[in-house]
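J.: My structure is below; once you've seen it, I'll send some questions.
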Amino acid sequence: MEFTKTSSLLIFLLVFVSSLIHAKAYQNLYCGRGTRCYGKYITCPAECPNSETNNPKTKVCQIECNKPTCKAVCRSRKPNCNAPGSGCYDPRFIGGDGRVFYFHGKTNEHFSLVSDSNLQINARFIGHRPEGRSRDYTWIQALGILFNSKSFSLEATKTPQWNDELDHFKFTYNENQVALAEGSLSTWHSEEKDIKVERVASKNSVMVTVKDVAEILVNVVPITKEDDRIHNYQVPSDDCFAHLEVQFRFFALSQKVDGVLGRTYRLDFVNPAKPGVAMPVVGGEDKYRTNSLLSPDCVSCVFSQESSAEIETMEYGTLDCTKFSNGLGIVCRK
């Protein structure tokens, strides 16, 4: 009888512990030993009661036990094109300083968006030039991510006509194709778990996390007939120019960070975009052009394949965190 009771108790404990290990979603969280919020039991607010959802329009709860506020926050799992760290449309960026600027690049060329000692994010631009126009309309078609000695890419696949029922993503890790099952919350991660890709909708929306370095929210979207009418893109009938909407969240940028978007996070950055201008365009194509999507080389690039995890990060004690709206552009830590 005693053996039966003991066995039952052990089985119950194993099932209970297993459920804790495998549970992904949470409504509250106890912050354990070694965290800033040790001993606190944090509950998600009513407006976002869960950390995961099958509805891409619903905000989710986020609890980070290493943040000094020790509070849960509600946040979207899709890119916000009107917030810092975003790059959308005919590429319109919002920098870490909260300022809007446009960087057009060139069709079928690659440019470094972020270049730091331990992280580089390049973008491939696609475009279209209607007859009589002096420059291309351009959009971000792919991202190439380099971190330490690893590489990851995601791209919008070309399609003549947009179909919401099809997924238009393609992923590679160390130049090998990655298969990510369709369906909300489907997840892939590398063997070392230093990069994770999670679907936040059944198709065409993902969140990419580079451990302790960055989080990237990405949508694939087409040029719609309404877009074409408003902007007079004059897109051909055999290509809807599927492209990416992105928003970056960085955790540990150094004071030497560069790149089209990365430089806007430096404390000494002076934005060349003129305030009050409807479309403030900045240059830099020659400084930030790379040879390929996964090339670390450009005139102003600072990424190193041999970089150590010990990088010279910003002194956040002197950083005005109100400069980076909502913390989506950068995570301020004291």
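By convention here, the chains of the structure tokens are called A, B, ... in the order presented, each chain's residues are numbered starting at 1, and ligands are numbered starting at 1 in the order presented.
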DSSP on the backbone: which residues in stretch 138-246 of chain A end up as helix (DSSP H, G or I)? Give the answer as an MDAnalysis selection string.
T.: chainID A and resid 225:231
J.: Next, write the just-selected residues to a file, as a compact mmCIF listing (two decimals), in the first residue's frame, keeping all heavy atoms as the atom set.
T.:
# COMPACT_ATOMS: atom_id res chain seq x y z
N LYS A 225 -3.73 46.75 -54.84
CA LYS A 225 -4.28 47.63 -55.89
C LYS A 225 -4.50 49.04 -55.36
O LYS A 225 -4.32 50.03 -56.07
CB LYS A 225 -5.58 47.04 -56.43
CG LYS A 225 -5.39 45.77 -57.25
CD LYS A 225 -6.71 45.26 -57.81
CE LYS A 225 -6.48 44.01 -58.66
NZ LYS A 225 -7.77 43.47 -59.21
N GLU A 226 -4.88 49.11 -54.07
CA GLU A 226 -5.08 50.43 -53.47
C GLU A 226 -3.76 51.17 -53.31
O GLU A 226 -3.67 52.37 -53.57
CB GLU A 226 -5.77 50.27 -52.10
CG GLU A 226 -6.12 51.57 -51.40
CD GLU A 226 -7.18 52.39 -52.13
OE1 GLU A 226 -7.76 51.91 -53.11
OE2 GLU A 226 -7.42 53.54 -51.70
N ASP A 227 -2.70 50.43 -52.88
CA ASP A 227 -1.36 51.04 -52.81
C ASP A 227 -0.95 51.57 -54.18
O ASP A 227 -0.42 52.68 -54.31
CB ASP A 227 -0.32 50.00 -52.36
CG ASP A 227 -0.53 49.51 -50.94
OD1 ASP A 227 -1.09 50.26 -50.13
OD2 ASP A 227 -0.16 48.36 -50.66
N ASP A 228 -1.19 50.74 -55.19
CA ASP A 228 -0.80 51.10 -56.56
C ASP A 228 -1.54 52.35 -57.03
O ASP A 228 -0.97 53.24 -57.66
CB ASP A 228 -1.10 49.91 -57.48
CG ASP A 228 -0.37 50.01 -58.81
OD1 ASP A 228 0.55 50.84 -58.93
OD2 ASP A 228 -0.72 49.25 -59.72
N ARG A 229 -2.82 52.42 -56.68
CA ARG A 229 -3.62 53.57 -57.10
C ARG A 229 -3.16 54.86 -56.41
O ARG A 229 -2.99 55.90 -57.05
CB ARG A 229 -5.10 53.32 -56.78
CG ARG A 229 -6.04 54.42 -57.25
CD ARG A 229 -7.45 54.21 -56.71
NE ARG A 229 -7.51 54.39 -55.27
CZ ARG A 229 -7.56 55.58 -54.66
NH1 ARG A 229 -7.53 56.70 -55.38
NH2 ARG A 229 -7.63 55.65 -53.35
N ILE A 230 -2.92 54.76 -55.09
CA ILE A 230 -2.56 55.96 -54.32
C ILE A 230 -1.19 56.49 -54.72
O ILE A 230 -0.99 57.70 -54.89
CB ILE A 230 -2.59 55.64 -52.81
CG1 ILE A 230 -4.03 55.36 -52.35
CG2 ILE A 230 -1.98 56.78 -52.00
CD1 ILE A 230 -4.12 54.87 -50.93
N HIS A 231 -0.21 55.58 -54.87
CA HIS A 231 1.17 56.00 -55.11
C HIS A 231 1.59 55.97 -56.58
O HIS A 231 2.71 56.36 -56.91
CB HIS A 231 2.12 55.12 -54.30
CG HIS A 231 1.88 55.19 -52.82
ND1 HIS A 231 2.24 56.28 -52.06
CD2 HIS A 231 1.30 54.29 -51.97
CE1 HIS A 231 1.90 56.06 -50.79
NE2 HIS A 231 1.33 54.86 -50.71
J.: Could you pull the residues within 10 Å of stretch 285-302 of chain A, counting only C-alpha atoms, minus those fewer than 6 positions along the same chain, as an mmCIF file with all heavy atoms, in the first residue's frame?
T.:
data_model
loop_
_atom_site.group_PDB
_atom_site.id
_atom_site.type_symbol
_atom_site.label_atom_id
_atom_site.label_comp_id
_atom_site.auth_asym_id
_atom_site.auth_seq_id
_atom_site.Cartn_x
_atom_site.Cartn_y
_atom_site.Cartn_z
ATOM 1 N N PHE A 103 15.059 55.823 -46.755
ATOM 2 C CA PHE A 103 16.303 55.375 -47.389
ATOM 3 C C PHE A 103 15.885 54.499 -48.558
ATOM 4 O O PHE A 103 15.322 53.426 -48.370
ATOM 5 C CB PHE A 103 17.172 54.586 -46.406
ATOM 6 C CG PHE A 103 18.420 54.024 -47.015
ATOM 7 C CD1 PHE A 103 19.571 54.803 -47.133
ATOM 8 C CD2 PHE A 103 18.459 52.715 -47.481
ATOM 9 C CE1 PHE A 103 20.729 54.283 -47.706
ATOM 10 C CE2 PHE A 103 19.612 52.192 -48.055
ATOM 11 C CZ PHE A 103 20.752 52.984 -48.164
ATOM 12 N N HIS A 104 16.149 54.951 -49.765
ATOM 13 C CA HIS A 104 15.631 54.251 -50.941
ATOM 14 C C HIS A 104 16.524 53.114 -51.424
ATOM 15 O O HIS A 104 16.042 52.154 -52.022
ATOM 16 C CB HIS A 104 15.405 55.243 -52.080
ATOM 17 C CG HIS A 104 14.344 56.265 -51.770
ATOM 18 N ND1 HIS A 104 13.093 55.910 -51.318
ATOM 19 C CD2 HIS A 104 14.359 57.621 -51.837
ATOM 20 C CE1 HIS A 104 12.365 57.006 -51.129
ATOM 21 N NE2 HIS A 104 13.103 58.051 -51.426
ATOM 22 N N GLY A 105 17.840 53.203 -51.182
ATOM 23 C CA GLY A 105 18.709 52.150 -51.689
ATOM 24 C C GLY A 105 18.613 52.021 -53.192
ATOM 25 O O GLY A 105 18.320 52.986 -53.898
ATOM 26 N N LYS A 106 18.809 50.795 -53.678
ATOM 27 C CA LYS A 106 18.695 50.538 -55.114
ATOM 28 C C LYS A 106 18.168 49.127 -55.347
ATOM 29 O O LYS A 106 18.413 48.211 -54.559
ATOM 30 C CB LYS A 106 20.052 50.715 -55.811
ATOM 31 C CG LYS A 106 20.511 52.166 -55.879
ATOM 32 C CD LYS A 106 21.758 52.314 -56.737
ATOM 33 C CE LYS A 106 22.169 53.782 -56.832
ATOM 34 N NZ LYS A 106 23.383 53.971 -57.656
ATOM 35 N N ASN A 108 17.630 45.399 -56.302
ATOM 36 C CA ASN A 108 18.485 44.210 -56.367
ATOM 37 C C ASN A 108 19.878 44.439 -55.781
ATOM 38 O O ASN A 108 20.840 43.792 -56.178
ATOM 39 C CB ASN A 108 18.605 43.703 -57.811
ATOM 40 C CG ASN A 108 17.273 43.271 -58.371
ATOM 41 O OD1 ASN A 108 16.425 42.748 -57.657
ATOM 42 N ND2 ASN A 108 17.051 43.511 -59.663
ATOM 43 N N GLU A 109 19.979 45.360 -54.815
ATOM 44 C CA GLU A 109 21.234 45.570 -54.092
ATOM 45 C C GLU A 109 20.986 45.361 -52.606
ATOM 46 O O GLU A 109 19.840 45.286 -52.143
ATOM 47 C CB GLU A 109 21.807 46.954 -54.383
ATOM 48 C CG GLU A 109 22.267 47.104 -55.827
ATOM 49 C CD GLU A 109 23.131 48.348 -56.046
ATOM 50 O OE1 GLU A 109 23.477 49.028 -55.050
ATOM 51 O OE2 GLU A 109 23.452 48.631 -57.208
ATOM 52 N N HIS A 110 22.092 45.252 -51.854
ATOM 53 C CA HIS A 110 22.027 44.930 -50.434
ATOM 54 C C HIS A 110 22.679 46.041 -49.616
ATOM 55 O O HIS A 110 23.723 46.577 -50.013
ATOM 56 C CB HIS A 110 22.745 43.602 -50.151
ATOM 57 C CG HIS A 110 22.253 42.459 -50.993
ATOM 58 N ND1 HIS A 110 22.743 42.218 -52.267
ATOM 59 C CD2 HIS A 110 21.308 41.520 -50.762
ATOM 60 C CE1 HIS A 110 22.127 41.168 -52.772
ATOM 61 N NE2 HIS A 110 21.251 40.727 -51.878
ATOM 62 N N PHE A 111 22.068 46.338 -48.460
ATOM 63 C CA PHE A 111 22.567 47.405 -47.606
ATOM 64 C C PHE A 111 22.491 46.978 -46.146
ATOM 65 O O PHE A 111 21.582 46.242 -45.746
ATOM 66 C CB PHE A 111 21.754 48.686 -47.825
ATOM 67 C CG PHE A 111 21.818 49.191 -49.241
ATOM 68 C CD1 PHE A 111 20.865 48.779 -50.176
ATOM 69 C CD2 PHE A 111 22.826 50.047 -49.644
ATOM 70 C CE1 PHE A 111 20.925 49.218 -51.491
ATOM 71 C CE2 PHE A 111 22.891 50.493 -50.954
ATOM 72 C CZ PHE A 111 21.936 50.084 -51.880
ATOM 73 N N SER A 112 23.455 47.445 -45.365
ATOM 74 C CA SER A 112 23.485 47.123 -43.940
ATOM 75 C C SER A 112 22.545 48.048 -43.179
ATOM 76 O O SER A 112 22.740 49.264 -43.161
ATOM 77 C CB SER A 112 24.909 47.262 -43.394
ATOM 78 O OG SER A 112 24.914 47.113 -41.986
ATOM 79 N N LEU A 113 21.536 47.454 -42.534
ATOM 80 C CA LEU A 113 20.648 48.244 -41.686
ATOM 81 C C LEU A 113 21.250 48.455 -40.308
ATOM 82 O O LEU A 113 21.120 49.528 -39.717
ATOM 83 C CB LEU A 113 19.282 47.553 -41.549
ATOM 84 C CG LEU A 113 18.497 47.301 -42.835
ATOM 85 C CD1 LEU A 113 17.126 46.729 -42.502
ATOM 86 C CD2 LEU A 113 18.367 48.573 -43.663
ATOM 87 N N VAL A 114 21.904 47.406 -39.793
ATOM 88 C CA VAL A 114 22.535 47.469 -38.471
ATOM 89 C C VAL A 114 23.870 46.749 -38.553
ATOM 90 O O VAL A 114 23.949 45.624 -39.045
ATOM 91 C CB VAL A 114 21.663 46.794 -37.383
ATOM 92 C CG1 VAL A 114 22.358 46.839 -36.027
ATOM 93 C CG2 VAL A 114 20.288 47.461 -37.299
ATOM 94 N N SER A 115 24.923 47.402 -38.076
ATOM 95 C CA SER A 115 26.241 46.751 -38.015
ATOM 96 C C SER A 115 26.878 47.090 -36.681
ATOM 97 O O SER A 115 27.175 48.253 -36.389
ATOM 98 C CB SER A 115 27.135 47.226 -39.168
ATOM 99 O OG SER A 115 28.371 46.528 -39.147
ATOM 100 N N ASP A 116 27.040 46.057 -35.851
ATOM 101 C CA ASP A 116 27.686 46.204 -34.550
ATOM 102 C C ASP A 116 28.728 45.109 -34.428
ATOM 103 O O ASP A 116 28.815 44.227 -35.283
ATOM 104 C CB ASP A 116 26.646 46.094 -33.434
ATOM 105 C CG ASP A 116 27.041 46.869 -32.185
ATOM 106 O OD1 ASP A 116 28.167 47.398 -32.129
ATOM 107 O OD2 ASP A 116 26.210 46.959 -31.256
ATOM 108 N N SER A 117 29.502 45.123 -33.366
ATOM 109 C CA SER A 117 30.598 44.161 -33.263
ATOM 110 C C SER A 117 30.108 42.722 -33.220
ATOM 111 O O SER A 117 30.790 41.815 -33.701
ATOM 112 C CB SER A 117 31.441 44.453 -32.015
ATOM 113 O OG SER A 117 30.628 44.421 -30.853
ATOM 114 N N ASN A 118 28.904 42.479 -32.684
ATOM 115 C CA ASN A 118 28.398 41.110 -32.578
ATOM 116 C C ASN A 118 27.109 40.867 -33.348
ATOM 117 O O ASN A 118 26.477 39.815 -33.188
ATOM 118 C CB ASN A 118 28.167 40.751 -31.108
ATOM 119 C CG ASN A 118 27.000 41.540 -30.514
ATOM 120 O OD1 ASN A 118 26.681 42.636 -30.982
ATOM 121 N ND2 ASN A 118 26.379 40.999 -29.490
ATOM 122 N N LEU A 119 26.705 41.819 -34.185
ATOM 123 C CA LEU A 119 25.452 41.674 -34.921
ATOM 124 C C LEU A 119 25.501 42.494 -36.204
ATOM 125 O O LEU A 119 25.927 43.655 -36.189
ATOM 126 C CB LEU A 119 24.276 42.167 -34.073
ATOM 127 C CG LEU A 119 22.907 42.234 -34.763
ATOM 128 C CD1 LEU A 119 22.369 40.829 -35.022
ATOM 129 C CD2 LEU A 119 21.920 43.037 -33.922
ATOM 130 N N GLN A 120 25.079 41.874 -37.305
ATOM 131 C CA GLN A 120 24.876 42.626 -38.535
ATOM 132 C C GLN A 120 23.564 42.177 -39.167
ATOM 133 O O GLN A 120 23.269 40.990 -39.267
ATOM 134 C CB GLN A 120 26.023 42.432 -39.525
ATOM 135 C CG GLN A 120 25.794 43.187 -40.827
ATOM 136 C CD GLN A 120 27.044 43.844 -41.376
ATOM 137 O OE1 GLN A 120 27.942 44.250 -40.642
ATOM 138 N NE2 GLN A 120 27.121 43.962 -42.682
ATOM 139 N N ILE A 121 22.769 43.161 -39.579
ATOM 140 C CA ILE A 121 21.505 42.886 -40.258
ATOM 141 C C ILE A 121 21.520 43.619 -41.589
ATOM 142 O O ILE A 121 21.566 44.856 -41.624
ATOM 143 C CB ILE A 121 20.298 43.336 -39.413
ATOM 144 C CG1 ILE A 121 20.308 42.650 -38.047
ATOM 145 C CG2 ILE A 121 18.993 43.034 -40.153
ATOM 146 C CD1 ILE A 121 19.243 43.143 -37.091
ATOM 147 N N ASN A 122 21.522 42.855 -42.669
ATOM 148 C CA ASN A 122 21.492 43.421 -44.014
ATOM 149 C C ASN A 122 20.091 43.287 -44.600
ATOM 150 O O ASN A 122 19.311 42.429 -44.177
ATOM 151 C CB ASN A 122 22.483 42.701 -44.938
ATOM 152 C CG ASN A 122 23.925 42.867 -44.481
ATOM 153 O OD1 ASN A 122 24.273 43.826 -43.782
ATOM 154 N ND2 ASN A 122 24.783 41.931 -44.874
ATOM 155 N N ALA A 123 19.814 44.111 -45.598
ATOM 156 C CA ALA A 123 18.528 44.032 -46.292
ATOM 157 C C ALA A 123 18.752 43.987 -47.789
ATOM 158 O O ALA A 123 19.635 44.668 -48.314
ATOM 159 C CB ALA A 123 17.659 45.237 -45.934
ATOM 160 N N ARG A 124 17.974 43.160 -48.467
ATOM 161 C CA ARG A 124 17.951 43.172 -49.930
ATOM 162 C C ARG A 124 16.751 43.997 -50.381
ATOM 163 O O ARG A 124 15.644 43.823 -49.877
ATOM 164 C CB ARG A 124 17.830 41.754 -50.480
ATOM 165 C CG ARG A 124 17.767 41.733 -52.026
ATOM 166 C CD ARG A 124 17.404 40.353 -52.562
ATOM 167 N NE ARG A 124 18.417 39.372 -52.200
ATOM 168 C CZ ARG A 124 18.141 38.186 -51.660
ATOM 169 N NH1 ARG A 124 16.885 37.845 -51.406
ATOM 170 N NH2 ARG A 124 19.109 37.345 -51.354
ATOM 171 N N PHE A 125 17.006 44.913 -51.318
ATOM 172 C CA PHE A 125 15.949 45.775 -51.822
ATOM 173 C C PHE A 125 15.476 45.281 -53.193
ATOM 174 O O PHE A 125 16.286 44.909 -54.041
ATOM 175 C CB PHE A 125 16.450 47.209 -51.959
ATOM 176 C CG PHE A 125 16.599 47.936 -50.642
ATOM 177 C CD1 PHE A 125 17.355 47.413 -49.603
ATOM 178 C CD2 PHE A 125 15.980 49.162 -50.441
ATOM 179 C CE1 PHE A 125 17.503 48.080 -48.398
ATOM 180 C CE2 PHE A 125 16.116 49.844 -49.238
ATOM 181 C CZ PHE A 125 16.874 49.302 -48.208
ATOM 182 N N ALA A 142 14.218 41.058 -48.224
ATOM 183 C CA ALA A 142 14.850 40.014 -47.405
ATOM 184 C C ALA A 142 15.737 40.645 -46.346
ATOM 185 O O ALA A 142 16.241 41.762 -46.514
ATOM 186 C CB ALA A 142 15.678 39.066 -48.284
ATOM 187 N N LEU A 143 15.941 39.901 -45.257
ATOM 188 C CA LEU A 143 16.889 40.276 -44.206
ATOM 189 C C LEU A 143 17.917 39.170 -44.065
ATOM 190 O O LEU A 143 17.574 37.983 -44.077
ATOM 191 C CB LEU A 143 16.180 40.465 -42.859
ATOM 192 C CG LEU A 143 15.178 41.610 -42.708
ATOM 193 C CD1 LEU A 143 14.568 41.585 -41.306
ATOM 194 C CD2 LEU A 143 15.831 42.954 -42.993
ATOM 195 N N GLY A 144 19.187 39.553 -43.915
ATOM 196 C CA GLY A 144 20.255 38.621 -43.623
ATOM 197 C C GLY A 144 20.876 38.989 -42.292
ATOM 198 O O GLY A 144 21.275 40.142 -42.090
ATOM 199 N N ILE A 145 20.932 38.040 -41.360
ATOM 200 C CA ILE A 145 21.385 38.314 -39.999
ATOM 201 C C ILE A 145 22.665 37.536 -39.725
ATOM 202 O O ILE A 145 22.710 36.310 -39.899
ATOM 203 C CB ILE A 145 20.313 37.918 -38.973
ATOM 204 C CG1 ILE A 145 18.985 38.636 -39.296
ATOM 205 C CG2 ILE A 145 20.760 38.249 -37.554
ATOM 206 C CD1 ILE A 145 17.802 38.098 -38.517
ATOM 207 N N LEU A 146 23.705 38.241 -39.318
ATOM 208 C CA LEU A 146 24.966 37.631 -38.924
ATOM 209 C C LEU A 146 25.178 37.876 -37.435
ATOM 210 O O LEU A 146 25.037 39.000 -36.964
ATOM 211 C CB LEU A 146 26.133 38.244 -39.715
ATOM 212 C CG LEU A 146 26.049 38.147 -41.245
ATOM 213 C CD1 LEU A 146 27.147 38.998 -41.878
ATOM 214 C CD2 LEU A 146 26.165 36.703 -41.691
ATOM 215 N N SER A 151 24.645 32.513 -39.319
ATOM 216 C CA SER A 151 23.889 33.362 -40.229
ATOM 217 C C SER A 151 22.452 32.854 -40.314
ATOM 218 O O SER A 151 22.186 31.657 -40.184
ATOM 219 C CB SER A 151 24.522 33.384 -41.622
ATOM 220 O OG SER A 151 24.368 32.144 -42.275
ATOM 221 N N PHE A 152 21.544 33.793 -40.513
ATOM 222 C CA PHE A 152 20.130 33.465 -40.666
ATOM 223 C C PHE A 152 19.539 34.444 -41.670
ATOM 224 O O PHE A 152 19.896 35.628 -41.680
ATOM 225 C CB PHE A 152 19.387 33.575 -39.334
ATOM 226 C CG PHE A 152 17.922 33.228 -39.425
ATOM 227 C CD1 PHE A 152 17.503 31.915 -39.347
ATOM 228 C CD2 PHE A 152 16.973 34.220 -39.604
ATOM 229 C CE1 PHE A 152 16.162 31.589 -39.456
ATOM 230 C CE2 PHE A 152 15.626 33.904 -39.711
ATOM 231 C CZ PHE A 152 15.220 32.586 -39.634
ATOM 232 N N SER A 153 18.659 33.960 -42.531
ATOM 233 C CA SER A 153 18.011 34.860 -43.482
ATOM 234 C C SER A 153 16.526 34.552 -43.553
ATOM 235 O O SER A 153 16.094 33.417 -43.316
ATOM 236 C CB SER A 153 18.636 34.745 -44.873
ATOM 237 O OG SER A 153 18.287 33.518 -45.489
ATOM 238 N N ASN A 174 22.497 29.230 -41.486
ATOM 239 C CA ASN A 174 23.818 28.853 -41.999
ATOM 240 C C ASN A 174 23.710 28.366 -43.449
ATOM 241 O O ASN A 174 24.320 27.381 -43.847
ATOM 242 C CB ASN A 174 24.464 27.786 -41.113
ATOM 243 C CG ASN A 174 24.883 28.350 -39.765
ATOM 244 O OD1 ASN A 174 25.070 29.558 -39.604
ATOM 245 N ND2 ASN A 174 25.033 27.479 -38.786
ATOM 246 N N GLU A 175 22.849 29.068 -44.209
ATOM 247 C CA GLU A 175 22.621 28.850 -45.635
ATOM 248 C C GLU A 175 21.923 27.532 -45.961
ATOM 249 O O GLU A 175 21.861 27.114 -47.116
ATOM 250 C CB GLU A 175 23.931 29.006 -46.420
ATOM 251 C CG GLU A 175 24.563 30.390 -46.219
ATOM 252 C CD GLU A 175 25.714 30.657 -47.161
ATOM 253 O OE1 GLU A 175 25.524 30.533 -48.366
ATOM 254 O OE2 GLU A 175 26.800 30.979 -46.656
ATOM 255 N N LYS A 256 29.399 51.962 -30.870
ATOM 256 C CA LYS A 256 29.972 52.041 -32.226
ATOM 257 C C LYS A 256 29.019 51.519 -33.292
ATOM 258 O O LYS A 256 29.395 51.414 -34.459
ATOM 259 C CB LYS A 256 31.277 51.239 -32.273
ATOM 260 C CG LYS A 256 32.366 51.792 -31.355
ATOM 261 C CD LYS A 256 33.623 50.931 -31.418
ATOM 262 C CE LYS A 256 34.699 51.477 -30.485
ATOM 263 N NZ LYS A 256 35.922 50.641 -30.499
ATOM 264 N N VAL A 257 27.797 51.218 -32.911
ATOM 265 C CA VAL A 257 26.847 50.646 -33.853
ATOM 266 C C VAL A 257 26.654 51.578 -35.057
ATOM 267 O O VAL A 257 26.627 52.796 -34.929
ATOM 268 C CB VAL A 257 25.492 50.369 -33.167
ATOM 269 C CG1 VAL A 257 24.831 51.648 -32.667
ATOM 270 C CG2 VAL A 257 24.561 49.601 -34.096
ATOM 271 N N ASP A 258 26.544 50.980 -36.244
ATOM 272 C CA ASP A 258 26.379 51.759 -37.467
ATOM 273 C C ASP A 258 25.317 51.091 -38.324
ATOM 274 O O ASP A 258 24.652 50.150 -37.893
ATOM 275 C CB ASP A 258 27.712 51.880 -38.215
ATOM 276 C CG ASP A 258 27.851 53.207 -38.951
ATOM 277 O OD1 ASP A 258 26.832 53.697 -39.484
ATOM 278 O OD2 ASP A 258 28.970 53.744 -38.993
ATOM 279 N N GLY A 259 25.148 51.555 -39.534
ATOM 280 C CA GLY A 259 24.129 51.034 -40.426
ATOM 281 C C GLY A 259 23.043 52.070 -40.660
ATOM 282 O O GLY A 259 22.913 53.050 -39.910
ATOM 283 N N VAL A 260 22.270 51.861 -41.695
ATOM 284 C CA VAL A 260 21.215 52.801 -42.059
ATOM 285 C C VAL A 260 20.323 53.121 -40.859
ATOM 286 O O VAL A 260 20.026 54.286 -40.572
ATOM 287 C CB VAL A 260 20.355 52.223 -43.202
ATOM 288 C CG1 VAL A 260 19.154 53.116 -43.490
ATOM 289 C CG2 VAL A 260 21.195 52.042 -44.467
#
J.: Write out as a PyMOL selection string the residues lying within 8 Å of A:Cys61, counting only C-alpha atoms and excluding same-chain residues fewer than 3 positions away.
T.: chain A and resi 27+44-45+48-52+72-75
J.: If you keep C-alpha atoms, can you produce a file of those selected residues as a PDB file, in the first residue's frame?
T.:
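Heads up, here's the output in out-v9.pdb:
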ATOM      1  CA  GLN A  27      -0.907  34.357 -17.165  1.00  0.00           C
ATOM      2  CA  CYS A  44      -0.672  39.816 -16.529  1.00  0.00           C
ATOM      3  CA  PRO A  45      -3.109  42.756 -16.747  1.00  0.00           C
ATOM      4  CA  CYS A  48      -3.663  41.230 -22.136  1.00  0.00           C
ATOM      5  CA  PRO A  49      -4.210  38.286 -19.782  1.00  0.00           C
ATOM      6  CA  ASN A  50      -2.064  35.755 -21.681  1.00  0.00           C
ATOM      7  CA  SER A  51       1.483  35.600 -23.030  1.00  0.00           C
ATOM      8  CA  GLU A  52       0.355  33.899 -26.245  1.00  0.00           C
ATOM      9  CA  ALA A  72       3.872  42.985 -16.918  1.00  0.00           C
ATOM     10  CA  VAL A  73       3.342  44.941 -20.144  1.00  0.00           C
ATOM     11  CA  CYS A  74       1.038  44.476 -23.134  1.00  0.00           C
ATOM     12  CA  ARG A  75       2.620  44.436 -26.536  1.00  0.00           C
TER      13      ARG A  75
END
J.: Please provide as a ChimeraX atom specification all residues within 10 Å of stretch 271-275 of chain A, with the sequence filter that same-chain residues fewer than 3 positions apart are discarded (counting only C-alpha atoms).
T.: /A:95,97,99-102,263-264,268,278-283
J.: Can I get the selected residues back with N, CA, C and O atoms, as an mmCIF file, in the first residue's frame?
T.:
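Written file, again.cif:
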data_model
loop_
_atom_site.group_PDB
_atom_site.id
_atom_site.type_symbol
_atom_site.label_atom_id
_atom_site.label_comp_id
_atom_site.auth_asym_id
_atom_site.auth_seq_id
_atom_site.Cartn_x
_atom_site.Cartn_y
_atom_site.Cartn_z
ATOM 1 N N GLY A 95 13.816 55.857 -36.605
ATOM 2 C CA GLY A 95 15.061 55.558 -35.906
ATOM 3 C C GLY A 95 14.889 55.434 -34.402
ATOM 4 O O GLY A 95 13.818 55.673 -33.841
ATOM 5 N N ASP A 97 15.942 57.406 -32.374
ATOM 6 C CA ASP A 97 15.674 58.742 -31.845
ATOM 7 C C ASP A 97 14.237 59.178 -32.086
ATOM 8 O O ASP A 97 13.856 60.302 -31.758
ATOM 9 N N ARG A 99 12.808 59.704 -34.962
ATOM 10 C CA ARG A 99 12.663 60.514 -36.167
ATOM 11 C C ARG A 99 12.399 59.637 -37.396
ATOM 12 O O ARG A 99 13.000 58.572 -37.569
ATOM 13 N N VAL A 100 11.495 60.097 -38.256
ATOM 14 C CA VAL A 100 11.167 59.391 -39.493
ATOM 15 C C VAL A 100 12.153 59.793 -40.583
ATOM 16 O O VAL A 100 12.498 60.969 -40.724
ATOM 17 N N PHE A 101 12.616 58.797 -41.358
ATOM 18 C CA PHE A 101 13.444 59.098 -42.523
ATOM 19 C C PHE A 101 13.243 58.013 -43.573
ATOM 20 O O PHE A 101 12.803 56.901 -43.273
ATOM 21 N N TYR A 102 13.577 58.342 -44.806
ATOM 22 C CA TYR A 102 13.466 57.406 -45.923
ATOM 23 C C TYR A 102 14.855 57.088 -46.455
ATOM 24 O O TYR A 102 15.716 57.963 -46.556
ATOM 25 N N ARG A 263 22.766 53.396 -36.727
ATOM 26 C CA ARG A 263 23.435 54.629 -36.286
ATOM 27 C C ARG A 263 22.498 55.536 -35.495
ATOM 28 O O ARG A 263 22.945 56.353 -34.690
ATOM 29 N N THR A 264 21.177 55.406 -35.701
ATOM 30 C CA THR A 264 20.235 56.283 -35.004
ATOM 31 C C THR A 264 20.116 55.953 -33.527
ATOM 32 O O THR A 264 19.441 56.674 -32.787
ATOM 33 N N ASP A 268 25.685 59.869 -29.828
ATOM 34 C CA ASP A 268 26.220 61.063 -30.497
ATOM 35 C C ASP A 268 25.620 61.279 -31.887
ATOM 36 O O ASP A 268 26.080 62.128 -32.643
ATOM 37 N N ALA A 278 8.194 66.608 -45.640
ATOM 38 C CA ALA A 278 7.213 65.526 -45.782
ATOM 39 C C ALA A 278 7.878 64.169 -45.962
ATOM 40 O O ALA A 278 7.438 63.171 -45.373
ATOM 41 N N MET A 279 8.929 64.080 -46.781
ATOM 42 C CA MET A 279 9.652 62.833 -46.994
ATOM 43 C C MET A 279 11.149 63.074 -46.831
ATOM 44 O O MET A 279 11.863 63.268 -47.811
ATOM 45 N N PRO A 280 11.637 63.105 -45.573
ATOM 46 C CA PRO A 280 13.063 63.348 -45.343
ATOM 47 C C PRO A 280 13.908 62.160 -45.792
ATOM 48 O O PRO A 280 13.910 61.113 -45.154
ATOM 49 N N VAL A 281 14.586 62.295 -46.915
ATOM 50 C CA VAL A 281 15.389 61.208 -47.484
ATOM 51 C C VAL A 281 16.833 61.365 -47.050
ATOM 52 O O VAL A 281 17.406 62.466 -47.111
ATOM 53 N N VAL A 282 17.442 60.276 -46.576
ATOM 54 C CA VAL A 282 18.861 60.293 -46.228
ATOM 55 C C VAL A 282 19.607 59.390 -47.201
ATOM 56 O O VAL A 282 19.059 58.414 -47.709
ATOM 57 N N GLY A 283 20.851 59.726 -47.459
ATOM 58 C CA GLY A 283 21.678 58.935 -48.362
ATOM 59 C C GLY A 283 22.486 57.907 -47.608
ATOM 60 O O GLY A 283 22.111 57.442 -46.540
#
J.: When you count only C-alpha atoms, which of these residues is closest to A:Asn232: A:Arg133, A:Glu198, A:Val218, A:Val178?
T.: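 Selected residue with least distance to A:Asn232: A:Arg133.
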